[in-house]
>>> print(open('model_16.txt').read())   # compact mmCIF, C-alpha atoms
# COMPACT_ATOMS: atom_id res chain seq x y z
CA MET A 1 0.00 0.00 0.00
CA LYS A 2 1.53 3.31 -1.09
CA THR A 3 -0.56 5.39 1.23
CA THR A 4 -2.49 4.93 4.39
CA LEU A 5 -6.16 4.98 3.57
CA PRO A 6 -7.66 8.02 5.21
CA SER A 7 -10.07 7.69 8.10
CA ALA A 8 -12.87 9.79 6.79
CA VAL A 9 -16.40 9.67 5.63
CA LEU A 10 -16.47 8.17 2.18
CA ILE A 11 -18.29 10.10 -0.45
CA LEU A 12 -17.73 9.14 -4.04
CA GLY A 13 -19.04 11.34 -6.78
CA LEU A 14 -18.46 11.54 -10.48
CA THR A 15 -20.29 13.76 -12.87
CA LEU A 16 -19.82 13.22 -16.54
CA PRO A 17 -20.40 15.93 -19.14
CA GLY A 18 -23.80 15.72 -20.70
CA SER A 19 -25.17 13.36 -18.08
CA ALA A 20 -28.68 12.14 -18.82
CA ILE A 21 -31.23 10.78 -16.40
CA ALA A 22 -29.85 7.62 -14.85
CA ASP A 23 -31.04 4.76 -12.69
CA GLU A 24 -30.17 5.37 -9.07
CA TYR A 25 -28.89 2.49 -6.95
CA ALA A 26 -29.02 2.59 -3.15
CA CYS A 27 -26.96 -0.29 -1.72
CA ARG A 28 -26.72 -1.43 1.88
CA SER A 29 -25.13 -4.41 3.63
CA LEU A 30 -27.31 -7.45 3.34
CA GLU A 31 -27.46 -8.39 7.01
CA GLY A 32 -27.74 -6.47 10.21
CA GLU A 33 -27.56 -2.74 10.54
CA SER A 34 -25.63 -1.55 7.56
CA PRO A 35 -22.39 0.34 8.14
CA VAL A 36 -22.28 0.75 4.38
CA THR A 37 -24.00 3.47 2.42
CA LEU A 38 -23.27 3.07 -1.25
CA ASP A 39 -25.30 5.08 -3.73
CA PHE A 40 -24.60 5.57 -7.38
CA ALA A 41 -26.39 6.46 -10.58
CA LEU A 42 -25.81 4.36 -13.63
CA ARG A 43 -26.67 5.49 -17.12
CA SER A 44 -26.87 3.07 -20.02
CA ALA A 45 -27.05 4.02 -23.66
CA SER A 46 -26.40 1.73 -26.58
CA ASP A 47 -24.98 -0.93 -24.25
CA ALA A 48 -22.46 1.56 -22.85
CA TYR A 49 -22.64 2.19 -19.13
CA SER A 50 -21.39 5.16 -17.18
CA VAL A 51 -21.57 6.25 -13.58
CA THR A 52 -23.04 9.75 -13.45
CA SER A 53 -22.85 10.18 -9.69
CA ALA A 54 -21.91 8.17 -6.64
CA ALA A 55 -21.90 8.49 -2.88
CA PHE A 56 -20.21 5.94 -0.68
CA GLN A 57 -19.82 5.91 3.08
CA ILE A 58 -18.40 3.44 5.56
CA GLU A 59 -19.72 4.45 8.95
CA GLY A 60 -16.98 6.19 10.89
CA ASP A 61 -14.29 4.84 8.64
CA ILE A 62 -12.33 5.42 5.47
CA GLY A 63 -13.57 7.29 2.48
CA TYR A 64 -12.90 8.63 -0.96
CA SER A 65 -14.58 11.10 -3.22
CA THR A 66 -14.28 12.30 -6.75
CA VAL A 67 -15.49 15.68 -5.63
CA ALA A 68 -13.07 15.82 -2.71
CA SER A 69 -14.52 18.01 -0.04
CA GLU A 70 -13.44 17.49 3.53
CA PRO A 71 -13.41 15.05 5.18
CA THR A 72 -13.37 12.97 2.04
CA ALA A 73 -10.43 12.04 -0.12
CA LEU A 74 -10.12 12.15 -3.85
CA ALA A 75 -10.88 9.12 -5.95
CA THR A 76 -12.25 8.32 -9.36
CA VAL A 77 -14.65 5.76 -10.68
CA THR A 78 -13.21 3.78 -13.55
CA GLY A 79 -13.85 0.63 -15.46
CA VAL A 80 -17.60 0.31 -15.31
CA GLU A 81 -17.81 -3.18 -16.74
CA ALA A 82 -21.22 -4.44 -17.65
CA THR A 83 -22.78 -7.33 -19.45
CA SER A 84 -26.28 -6.74 -20.70
CA GLU A 85 -27.33 -10.40 -20.66
CA ASP A 86 -28.02 -10.63 -16.95
CA VAL A 87 -26.91 -7.11 -16.09
CA ARG A 88 -23.79 -7.84 -14.12
CA PHE A 89 -21.50 -4.92 -13.62
CA SER A 90 -18.50 -3.82 -11.63
CA LEU A 91 -17.33 -0.43 -10.44
CA HIS A 92 -13.68 0.20 -9.67
CA TYR A 93 -12.70 3.08 -7.41
CA THR A 94 -9.12 4.24 -7.77
CA ASP A 95 -6.87 6.74 -6.06
CA ALA A 96 -3.92 8.35 -7.81
CA ASN A 97 -1.74 7.62 -4.78
CA TYR A 98 -2.55 3.94 -4.59
CA ASP A 99 -1.83 1.09 -6.97
CA GLY A 100 -4.93 -0.88 -7.79
CA ASP A 101 -8.52 -0.38 -6.72
CA VAL A 102 -9.27 1.22 -3.38
CA ALA A 103 -12.78 -0.19 -3.58
CA THR A 104 -14.65 -2.49 -5.91
CA VAL A 105 -18.33 -3.18 -6.34
CA HIS A 106 -19.65 -6.23 -8.18
CA VAL A 107 -23.41 -6.56 -8.53
CA VAL A 108 -25.89 -8.54 -10.59
CA THR A 109 -29.41 -7.48 -11.44
CA LEU A 110 -32.16 -9.96 -12.24
CA ALA A 111 -35.85 -9.71 -12.98
CA ASP A 112 -38.40 -12.18 -11.67
CA GLY A 113 -41.75 -11.05 -12.94
CA ALA A 114 -42.31 -7.56 -11.63
CA GLN A 115 -39.56 -7.92 -9.06
CA ILE A 116 -36.19 -6.42 -9.90
CA LEU A 117 -33.35 -7.41 -7.61
CA THR A 118 -29.75 -6.19 -7.48
CA ALA A 119 -27.18 -7.69 -5.14
CA GLY A 120 -23.50 -8.46 -4.94
CA VAL A 121 -20.41 -7.60 -2.98
CA LEU A 122 -18.43 -4.53 -1.93
CA ARG A 123 -14.72 -4.68 -1.17
CA VAL A 124 -12.94 -1.73 0.40
CA VAL A 125 -9.20 -2.27 0.57
CA GLY A 126 -8.19 -2.14 4.20
CA GLY A 127 -11.80 -1.52 5.12
CA GLY A 128 -13.77 -4.71 4.77
CA LEU A 129 -15.97 -6.92 2.68
CA TRP A 130 -19.75 -6.84 2.53
CA PRO A 131 -22.51 -8.59 0.64
CA VAL A 132 -24.87 -5.83 -0.46
CA ARG A 133 -28.37 -5.42 -1.78
CA CYS A 134 -29.36 -2.43 -3.89
CA GLU A 135 -32.71 -0.80 -4.38
CA ILE A 136 -33.14 0.78 -7.79
CA ASP A 137 -34.96 4.00 -8.54
CA TYR A 138 -35.61 4.01 -12.26
CA GLU A 139 -35.63 7.47 -13.66
CA GLY A 140 -34.24 6.92 -17.13
CA MET B 1 -7.56 -4.84 8.51
CA ILE B 2 -10.69 -6.81 7.92
CA ARG B 3 -13.75 -5.66 9.81
CA GLY B 4 -14.65 -8.47 12.15
CA ALA B 5 -18.18 -7.25 12.75
CA ALA B 6 -19.12 -7.54 9.13
CA ILE B 7 -20.74 -10.60 7.70
CA VAL B 8 -17.40 -11.57 6.38
CA VAL B 9 -16.95 -15.28 6.43
CA ALA B 10 -13.73 -17.05 5.72
CA LEU B 11 -14.36 -18.94 2.55
CA ALA B 12 -10.78 -19.38 1.59
CA ALA B 13 -11.64 -22.62 -0.13
CA LEU B 14 -13.56 -20.61 -2.67
CA ALA B 15 -10.96 -17.91 -3.01
CA THR B 16 -8.87 -20.53 -4.70
CA PRO B 17 -11.59 -22.46 -6.44
CA SER B 18 -12.72 -25.58 -4.68
CA SER B 19 -9.50 -26.34 -2.85
CA ALA B 20 -11.38 -28.21 -0.11
CA THR B 21 -14.61 -30.08 0.29
CA GLU B 22 -17.18 -28.02 2.11
CA TRP B 23 -20.78 -26.96 2.16
CA VAL B 24 -21.48 -23.42 1.09
CA ASN B 25 -24.73 -22.20 2.60
CA CYS B 26 -26.48 -19.32 0.88
CA SER B 27 -29.64 -17.68 2.17
CA ASP B 28 -31.43 -14.37 2.30
CA ALA B 29 -31.35 -12.28 5.46
CA GLN B 30 -34.87 -13.35 6.49
CA GLY B 31 -34.28 -17.07 5.89
CA GLN B 32 -37.07 -17.30 3.35
CA ALA B 33 -35.00 -19.16 0.77
CA SER B 34 -31.73 -21.05 0.72
CA PHE B 35 -29.37 -22.72 -1.72
CA ASP B 36 -26.68 -24.92 -0.18
CA PHE B 37 -24.08 -26.70 -2.24
CA LEU B 38 -21.30 -29.15 -1.46
CA VAL B 39 -18.11 -28.27 -3.31
CA GLY B 40 -15.79 -31.09 -4.33
CA ALA B 41 -12.06 -31.17 -3.87
CA LEU B 42 -11.04 -30.24 -7.40
CA ASP B 43 -9.39 -27.05 -8.60
CA VAL B 44 -12.44 -26.41 -10.76
CA ILE B 45 -15.91 -26.02 -9.38
CA SER B 46 -17.57 -29.38 -8.94
CA ILE B 47 -20.88 -29.57 -7.16
CA VAL B 48 -21.12 -32.85 -5.25
CA GLY B 49 -24.54 -32.20 -3.80
CA LEU B 50 -27.07 -29.47 -3.16
CA THR B 51 -30.21 -28.65 -1.26
CA ILE B 52 -32.65 -25.84 -1.99
CA SER B 53 -35.53 -24.56 0.09
CA VAL B 54 -38.21 -21.92 -0.12
CA GLY B 55 -40.97 -21.88 2.46
CA GLU B 56 -42.07 -25.49 2.98
CA GLN B 57 -40.70 -26.61 -0.39
CA VAL B 58 -37.40 -28.48 -0.27
CA TRP B 59 -35.23 -30.07 -2.93
CA ALA B 60 -32.22 -32.33 -2.37
CA SER B 61 -29.87 -33.93 -4.86
CA ASP B 62 -29.56 -37.05 -2.71
CA VAL B 63 -31.43 -38.49 0.26
CA ALA B 64 -28.10 -38.43 2.08
CA TYR B 65 -28.43 -34.66 2.18
CA GLY B 66 -31.95 -34.65 3.54
CA PRO B 67 -35.57 -34.99 2.48
CA GLY B 68 -36.90 -33.19 -0.53
CA ASP B 69 -37.84 -33.44 -4.16
CA PRO B 70 -35.07 -34.55 -6.49
CA VAL B 71 -32.84 -31.90 -8.01
CA LYS B 72 -29.74 -31.94 -10.20
CA VAL B 73 -26.97 -29.52 -11.04
CA GLY B 74 -27.71 -28.27 -14.53
CA GLN B 75 -24.58 -26.19 -14.90
CA ALA B 76 -22.00 -24.55 -12.70
CA PHE B 77 -19.33 -21.99 -13.47
CA GLU B 78 -16.69 -20.30 -11.39
CA ASP B 79 -13.98 -17.75 -12.12
CA ALA B 80 -12.05 -15.28 -10.04
CA ASP B 81 -15.08 -13.08 -9.40
CA THR B 82 -18.21 -15.17 -9.89
CA ILE B 83 -19.98 -18.42 -9.12
CA LEU B 84 -23.01 -19.28 -11.26
CA ILE B 85 -25.09 -22.41 -10.60
CA ASP B 86 -28.32 -23.57 -12.19
CA ALA B 87 -30.28 -26.45 -10.66
CA THR B 88 -32.83 -28.47 -12.63
CA ASP B 89 -35.42 -31.13 -11.96
CA GLU B 90 -34.33 -34.74 -12.17
CA ASN B 91 -35.40 -35.03 -15.82
CA ILE B 92 -33.53 -31.85 -16.74
CA THR B 93 -36.71 -30.38 -18.18
CA ALA B 94 -37.22 -27.45 -15.84
CA ARG B 95 -34.98 -25.04 -14.00
CA ILE B 96 -35.47 -25.24 -10.25
CA ALA B 97 -33.12 -22.47 -9.13
CA GLU B 98 -30.55 -19.99 -10.39
CA LEU B 99 -27.74 -18.83 -8.10
CA ARG B 100 -25.63 -15.86 -9.20
CA LEU B 101 -22.83 -14.94 -6.82
CA PHE B 102 -19.97 -12.48 -6.80
CA LYS B 103 -16.87 -13.06 -4.70
CA ALA B 104 -14.76 -10.48 -2.91
CA THR B 105 -11.55 -11.47 -1.18
CA GLU B 106 -9.08 -9.73 1.05
CA GLY B 107 -6.40 -11.72 2.77
CA ASP B 108 -7.89 -14.98 4.00
CA ALA B 109 -11.42 -13.64 4.08
CA THR B 110 -13.89 -14.07 1.27
CA VAL B 111 -17.46 -12.88 1.09
CA LEU B 112 -20.05 -14.18 -1.35
CA GLY B 113 -23.13 -12.18 -2.26
CA GLY B 114 -25.62 -12.15 -5.07
CA THR B 115 -29.04 -13.36 -6.11
CA LEU B 116 -31.08 -16.54 -5.86
CA ARG B 117 -34.06 -17.00 -8.17
CA ILE B 118 -36.43 -19.91 -7.77
CA PRO B 119 -38.84 -19.73 -10.73
CA GLY B 120 -42.44 -19.66 -9.59
CA HIS B 121 -41.45 -18.72 -6.06
CA GLY B 122 -39.45 -15.49 -6.26
CA ALA B 123 -35.99 -13.99 -6.06
CA TRP B 124 -33.84 -12.99 -3.13
CA ALA B 125 -30.57 -11.24 -2.35
CA VAL B 126 -28.36 -13.81 -0.63
CA SER B 127 -25.06 -14.07 1.16
CA CYS B 128 -23.16 -17.27 1.82
CA SER B 129 -21.10 -18.89 4.54
CA GLY B 130 -19.01 -22.02 4.60
CA THR B 131 -19.35 -25.01 6.88
>>> encode(input="model_16.txt", output="structure tokens")
Amino acid sequence: MKTTLPSAVLILGLTLPGSAIADEYACRSLEGESPVTLDFALRSASDAYSVTSAAFQIEGDIGYSTVASEPTALATVTGVEATSEDVRFSLHYTDANYDGDVATVHVVTLADGAQILTAGVLRVVGGGLWPVRCEIDYEG
Amino acid sequence: MIRGAAIVVALAALATPSSATEWVNCSDAQGQASFDFLVGALDVISIVGLTISVGEQVWASDVAYGPGDPVKVGQAFEDADTILIDATDENITARIAELRLFKATEGDATVLGGTLRIPGHGAWAVSCSGT
């Protein structure tokens, strides 16, 4: 590890030029009271996915942000990998001062009748591992 | 540092695929549905047995694993990030359950989380532990 991960509230945000309305994901740990608050908006167009905004907090612990206001630290969201077949995608959070991802989200979305379900895992380097479930607010 | 309070379960056997024989027990937080599978001792995923439950309905691949309607492994896939398992009826004419898991690993700890769909019954977000 090149740097010590900061102990701060984690807010991740990324705004892309020309952002359109996106689906908003609100993810929490699957069991117990969630120390994880992970929110992001995902826009898809012509099978291309982009994160238009994100907010990410580990209760009382480390954090990063693409909009870097105290007490957050700067990070970026890269490598939004998605497959349209069963809507699996991954988000990679990186920090210029750290080799590799500082956090990674892998989730899968499935439809069962009218029910839409998104769940997966969150890994925060030096912070922990959580299975997560996401509620989706479709606005696009 | 790995947060001990989290639902992080050491599933090192799945971090390096199937390096030991063990049951992997997946269920939703409310215990409404479960999908348990016995992983063989190969370096590729090999499902030795499985049991599935939702409400009062139970399936088992062998009576040795408990009571229930017969079920078979239709297909199973594992790579560094995912485990995908489909279970079928004994005649391989209908899909009984679909398990879609992602893995996250740090040090010796691995967490599995994803979705379980049982057609005709519903879908759940699940996490898994090893026994």
>>> interface_residues(input="model_16.txt", of="chain B", to="chain A", cutoff="12 Å", atoms="only C-alpha atoms", output="ChimeraX atom specification")
/B:1-10,26-31,80-84,97-129
>>> atom_distance(input="model_16.txt", atom1="CA of Ala103 (chain A)", atom2="CA of Thr37 (chain A)")
13.2 Å
>>> residues_around(input="model_16.txt", residues="region 41-46 of chain A", least_positions_apart="3", cutoff="6 Å", atoms="all atoms listed in the file", output="list of chain:residue names")
A:Ala22, A:Asp23, A:Glu24, A:Tyr25, A:Tyr49, A:Ser50, A:Val51, A:Thr52, A:Ser53
>>> write_last_selection(input="model_16.txt", atoms="C-alpha atoms", output="compact mmCIF listing (two decimals), in the coordinates of the input")
# COMPACT_ATOMS: atom_id res chain seq x y z
CA ALA A 22 -29.85 7.62 -14.85
CA ASP A 23 -31.04 4.76 -12.69
CA GLU A 24 -30.17 5.37 -9.07
CA TYR A 25 -28.89 2.49 -6.95
CA TYR A 49 -22.64 2.19 -19.13
CA SER A 50 -21.39 5.16 -17.18
CA VAL A 51 -21.57 6.25 -13.58
CA THR A 52 -23.04 9.75 -13.45
CA SER A 53 -22.85 10.18 -9.69
>>> closest_residue(input="model_16.txt", among="B:Ala94, B:Gly130, B:Thr21, B:Ala87", to="Thr51 (chain B)", atoms="only C-alpha atoms")
B:Ala87
>>> atom_distance(input="model_16.txt", atom1="CA of Ala54 (chain A)", atom2="CA of Asp39 (chain A)")
5.4 Å
>>> atom_distance(input="model_16.txt", atom1="CA of Arg28 (chain A)", atom2="CA of Glu59 (chain A)")
11.6 Å
>>> residues_around(input="model_16.txt", residues="region 43-50 of chain B", least_positions_apart="4", cutoff="12 Å", atoms="all atoms listed in the file", output="PyMOL selection string")
chain B and resi 13-26+34-39+58-80+82-88+96-97+99
